[in-house]
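Q: Structure incoming, see below.
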Amino acid sequence: MLDHSRSQEIMDRARQLMPGGVNSPVRAFKAVGGNPLVIASASGARMTDVDGNSYIDYVGTWGPAILGHADPDVIAAITAAAQQGTSFGAPSVRENELAELVIELMPSLEKVRFVNSGTEATMSALRLARGATGRDDIVKFDGCYHGHADSLLVKAGSGVETLGLPDSPGVPADFAKHTLTLPYNDLAAAKALFEQKGKEIACVILEPVVGNMGCIPPVEGFLEGLRELCDAHGAILIFDEVMTGFRVALGGAQARFDIRPDLTCFGKVIGGGLPVGAYGGRADLMDQMAPAGPIYQAGTLSGNPLAMAAGIATLKKLAEPGVFERLGKTCDRLVDGLEAAAAEAGIPICTARVGAMFGFYFQEGPVLNGDDARKSDTGRFGKWHAAMLEKGVYVAPSQFEAGFVSLAHDDATIDATIAAAREVMKTLA
Ligand code: PLP
């Protein structure tokens, strides 16, 4: 057994200082049991914990580390920026540079606003959609996560026509009732809802590939159908590409599936490991934001020079020729290997992969929506998670999180992972 005593000690103290000992709930390993590992350092495809154990990492700081951890060019860019000052609270040229890159790479973007997290991006995009349409209701999909803003921490009532319910104490029912939740990949349900309430719907927000209930790609026609519905009813289509942006393709899901959302939200990769979010889209919409327009949103640290520098260095490297082909091949090698390991052990799994993101469920599938995903054997996943950690592979501590590969995951790293998976799968039968 690996020694985790120092991690344990630090977490015991952390629980006295911070709720659950963490600053973001999923880090607490509640979904899989066991004690979280306290990380001392990360480099390339690996993380090292405070007890000195080294792990191949498929969490990648929940998405940002697409170049691998501590990429030398990103570190150099941050260091150079820091030497010129860590925050100005005034315009700086790196903001233009990152904005130009993002607008160039993302097909639907005409203007962009930088914020500090994915949550801020989605929250601000919703305000813009509501402000621009003068409508209050929003449509989201069961199993998609868009951060922790009040309007988005909402679960479906019983039936699509019913009002949304708060998904956390502290979310007022009066807010939640404006959030209408539908099953993912169900265009018929979306059509029925628009027929009934089309004039009250400000926007539809979705993950164009879902990464927050495992990994669920959109079925053919789903994204196109939502685009048409929004056009027909004067609603705004928002792609939450916080996870998929610069991840499922250089131009995100909108490039991969050739759909033009009105607004897009970003986070994770766009900041290269520093806290950056962004929202952007049609110029006529973006110009309704303050100070160009009347809809208010602001941020003391938004456009922070260190964060911009990390984002610029990351996107420039990602835009080099052949990068996404390489990431796709790495992901294929891994997921093919996982499928073979499961088949060899007689364990049913259902996999998905899109670009540099993947997932698998302990069930036959198919998995098209949240209800399907929740049929997975989470007990088996817990055992898989613990056994893979023991073999030096760090996978997300929940059946319902996507996995990520990076440019630092070379063939030898993938093959070592598959070798571990083959051994572990056999113990799960
Ligand atoms: N949207 C999606 C699709 C996400 O996956 C996340 C976070 O995981 C968010 C929004 C929220 O981003 P953040 O955690 O940066 O607030």
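Ordering of the structure tokens sets the chain letters (A, B, ...), residue numbers begin anew at 1 in every chain, and ligands are numbered from 1 in the order given.
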Throw together the list of residues within 8 Å of ligand 1, counting only C-alpha atoms and all ligand atoms, and drop it here as a list in words.
A: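 The distance check yields Trp62, Asn116, Ser117, Gly118, Thr119, Glu120, Ala121, Thr122, Cys144, Tyr145, His146, Gly147, His148, Glu207, Val210, Gly211, Asn212, Asp240, Glu241, Val242, Met243, Thr244, Cys265, Phe266, Gly267, Lys268, Pro275, Val276 and Gly277 of chain A.
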Q: Might you pull out every residue within 6 Å of A:Ile138, with only C-alpha atoms counted and same-chain residues fewer than 3 positions away left off, and present them as a PyMOL selection string?
A: chain A and resi 179+201-204
Q: For A:Ala278, which of A:Met47, A:Leu109, A:Val32, A:Ala129 is the closest residue, counting only C-alpha atoms?
A: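 Of all the options, A:Leu109 lies closest to A:Ala278.
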Q: Among stretch 119-278 of chain A, which residues carry a DSSP assignment of alpha helix (DSSP H), reported as a count of residues only?
A: 47
Q: For stretch 328-341 of chain A, please output as JSON, numbers by chain all residues within 6 Å (counting only C-alpha atoms; exclusion window: fewer than 2 positions along the same chain).
A: {"A": [324, 325, 326, 343, 344, 355, 356, 414, 418, 422]}
Q: Keeping all heavy atoms for every residue in the selection just given, could you write it to a file as a PDB file, in the first residue's frame?
A:
```pdb
ATOM      1  N   PHE A 324      -3.797  19.002 -32.412  1.00  0.00           N
ATOM      2  CA  PHE A 324      -5.046  18.308 -32.085  1.00  0.00           C
ATOM      3  C   PHE A 324      -5.100  16.898 -32.661  1.00  0.00           C
ATOM      4  O   PHE A 324      -5.725  16.017 -32.068  1.00  0.00           O
ATOM      5  CB  PHE A 324      -6.264  19.174 -32.427  1.00  0.00           C
ATOM      6  CG  PHE A 324      -6.577  20.084 -31.267  1.00  0.00           C
ATOM      7  CD1 PHE A 324      -5.928  21.302 -31.135  1.00  0.00           C
ATOM      8  CD2 PHE A 324      -7.433  19.674 -30.260  1.00  0.00           C
ATOM      9  CE1 PHE A 324      -6.162  22.104 -30.020  1.00  0.00           C
ATOM     10  CE2 PHE A 324      -7.670  20.469 -29.150  1.00  0.00           C
ATOM     11  CZ  PHE A 324      -7.042  21.686 -29.030  1.00  0.00           C
ATOM     12  N   GLU A 325      -4.401  16.675 -33.763  1.00  0.00           N
ATOM     13  CA  GLU A 325      -4.300  15.297 -34.277  1.00  0.00           C
ATOM     14  C   GLU A 325      -3.591  14.433 -33.234  1.00  0.00           C
ATOM     15  O   GLU A 325      -3.990  13.319 -32.937  1.00  0.00           O
ATOM     16  CB  GLU A 325      -3.502  15.239 -35.594  1.00  0.00           C
ATOM     17  CG  GLU A 325      -4.237  15.763 -36.811  1.00  0.00           C
ATOM     18  CD  GLU A 325      -4.291  17.286 -36.871  1.00  0.00           C
ATOM     19  OE1 GLU A 325      -3.711  17.957 -35.984  1.00  0.00           O
ATOM     20  OE2 GLU A 325      -4.927  17.826 -37.789  1.00  0.00           O
ATOM     21  N   ARG A 326      -2.517  15.006 -32.674  1.00  0.00           N
ATOM     22  CA  ARG A 326      -1.745  14.258 -31.676  1.00  0.00           C
ATOM     23  C   ARG A 326      -2.589  13.971 -30.428  1.00  0.00           C
ATOM     24  O   ARG A 326      -2.605  12.858 -29.914  1.00  0.00           O
ATOM     25  CB  ARG A 326      -0.510  15.091 -31.307  1.00  0.00           C
ATOM     26  CG  ARG A 326       0.634  14.239 -30.845  1.00  0.00           C
ATOM     27  CD  ARG A 326       1.871  15.092 -30.678  1.00  0.00           C
ATOM     28  NE  ARG A 326       2.308  15.082 -29.292  1.00  0.00           N
ATOM     29  CZ  ARG A 326       3.098  15.984 -28.760  1.00  0.00           C
ATOM     30  NH1 ARG A 326       3.525  17.003 -29.476  1.00  0.00           N
ATOM     31  NH2 ARG A 326       3.469  15.889 -27.505  1.00  0.00           N
ATOM     32  N   ALA A 343     -12.897  -5.528 -21.638  1.00  0.00           N
ATOM     33  CA  ALA A 343     -13.413  -6.705 -22.355  1.00  0.00           C
ATOM     34  C   ALA A 343     -12.695  -7.967 -21.869  1.00  0.00           C
ATOM     35  O   ALA A 343     -13.319  -9.003 -21.620  1.00  0.00           O
ATOM     36  CB  ALA A 343     -13.222  -6.515 -23.853  1.00  0.00           C
ATOM     37  N   GLU A 344     -11.389  -7.842 -21.705  1.00  0.00           N
ATOM     38  CA  GLU A 344     -10.581  -8.982 -21.245  1.00  0.00           C
ATOM     39  C   GLU A 344     -11.060  -9.484 -19.882  1.00  0.00           C
ATOM     40  O   GLU A 344     -11.073 -10.675 -19.614  1.00  0.00           O
ATOM     41  CB  GLU A 344      -9.134  -8.479 -21.134  1.00  0.00           C
ATOM     42  CG  GLU A 344      -8.062  -9.504 -21.086  1.00  0.00           C
ATOM     43  CD  GLU A 344      -6.694  -8.788 -21.032  1.00  0.00           C
ATOM     44  OE1 GLU A 344      -6.265  -8.275 -22.076  1.00  0.00           O
ATOM     45  OE2 GLU A 344      -6.092  -8.726 -19.939  1.00  0.00           O
ATOM     46  N   GLY A 355     -12.021  14.601 -29.135  1.00  0.00           N
ATOM     47  CA  GLY A 355     -10.795  15.393 -29.040  1.00  0.00           C
ATOM     48  C   GLY A 355      -9.922  14.883 -27.907  1.00  0.00           C
ATOM     49  O   GLY A 355      -9.576  13.704 -27.861  1.00  0.00           O
ATOM     50  N   ALA A 356      -9.582  15.770 -26.966  1.00  0.00           N
ATOM     51  CA  ALA A 356      -8.689  15.411 -25.865  1.00  0.00           C
ATOM     52  C   ALA A 356      -9.450  15.161 -24.575  1.00  0.00           C
ATOM     53  O   ALA A 356      -8.927  15.335 -23.481  1.00  0.00           O
ATOM     54  CB  ALA A 356      -7.662  16.520 -25.672  1.00  0.00           C
ATOM     55  N   ILE A 414       0.724   6.338 -21.714  1.00  0.00           N
ATOM     56  CA  ILE A 414      -0.591   5.717 -21.979  1.00  0.00           C
ATOM     57  C   ILE A 414      -0.490   4.205 -21.794  1.00  0.00           C
ATOM     58  O   ILE A 414      -1.356   3.580 -21.160  1.00  0.00           O
ATOM     59  CB  ILE A 414      -1.067   6.046 -23.422  1.00  0.00           C
ATOM     60  CG1 ILE A 414      -1.230   7.560 -23.598  1.00  0.00           C
ATOM     61  CG2 ILE A 414      -2.365   5.305 -23.747  1.00  0.00           C
ATOM     62  CD1 ILE A 414      -2.299   8.205 -22.782  1.00  0.00           C
ATOM     63  N   ILE A 418      -2.600   1.719 -19.352  1.00  0.00           N
ATOM     64  CA  ILE A 418      -3.406   0.575 -19.806  1.00  0.00           C
ATOM     65  C   ILE A 418      -2.976  -0.708 -19.083  1.00  0.00           C
ATOM     66  O   ILE A 418      -3.813  -1.522 -18.690  1.00  0.00           O
ATOM     67  CB  ILE A 418      -3.296   0.416 -21.341  1.00  0.00           C
ATOM     68  CG1 ILE A 418      -3.956   1.632 -22.014  1.00  0.00           C
ATOM     69  CG2 ILE A 418      -3.987  -0.862 -21.808  1.00  0.00           C
ATOM     70  CD1 ILE A 418      -3.635   1.769 -23.486  1.00  0.00           C
ATOM     71  N   ARG A 422      -5.518  -2.977 -16.954  1.00  0.00           N
ATOM     72  CA  ARG A 422      -5.764  -4.415 -17.192  1.00  0.00           C
ATOM     73  C   ARG A 422      -5.736  -5.190 -15.873  1.00  0.00           C
ATOM     74  O   ARG A 422      -6.573  -6.053 -15.631  1.00  0.00           O
ATOM     75  CB  ARG A 422      -4.704  -4.974 -18.148  1.00  0.00           C
ATOM     76  CG  ARG A 422      -4.950  -4.495 -19.574  1.00  0.00           C
ATOM     77  CD  ARG A 422      -3.902  -4.993 -20.508  1.00  0.00           C
ATOM     78  NE  ARG A 422      -4.018  -6.433 -20.737  1.00  0.00           N
ATOM     79  CZ  ARG A 422      -3.153  -7.124 -21.471  1.00  0.00           C
ATOM     80  NH1 ARG A 422      -2.121  -6.524 -22.019  1.00  0.00           N
ATOM     81  NH2 ARG A 422      -3.324  -8.412 -21.647  1.00  0.00           N
TER      82      ARG A 422
END
```
Q: Please measure the separation of atom CA of A:Asp57 and atom CA of A:Gly271, giving the value in Å to one decimal.
A: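 Separating atom CA of A:Asp57 from atom CA of A:Gly271 is a distance of 19.0 Å.
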Q: What lies within 10 Å of stretch 83-94 of chain A using only C-alpha atoms, ignoring chain neighbours under 5 positions off, as a VMD selection string?
A: chain A and resid 78 99 to 100 299 to 309 311 to 312
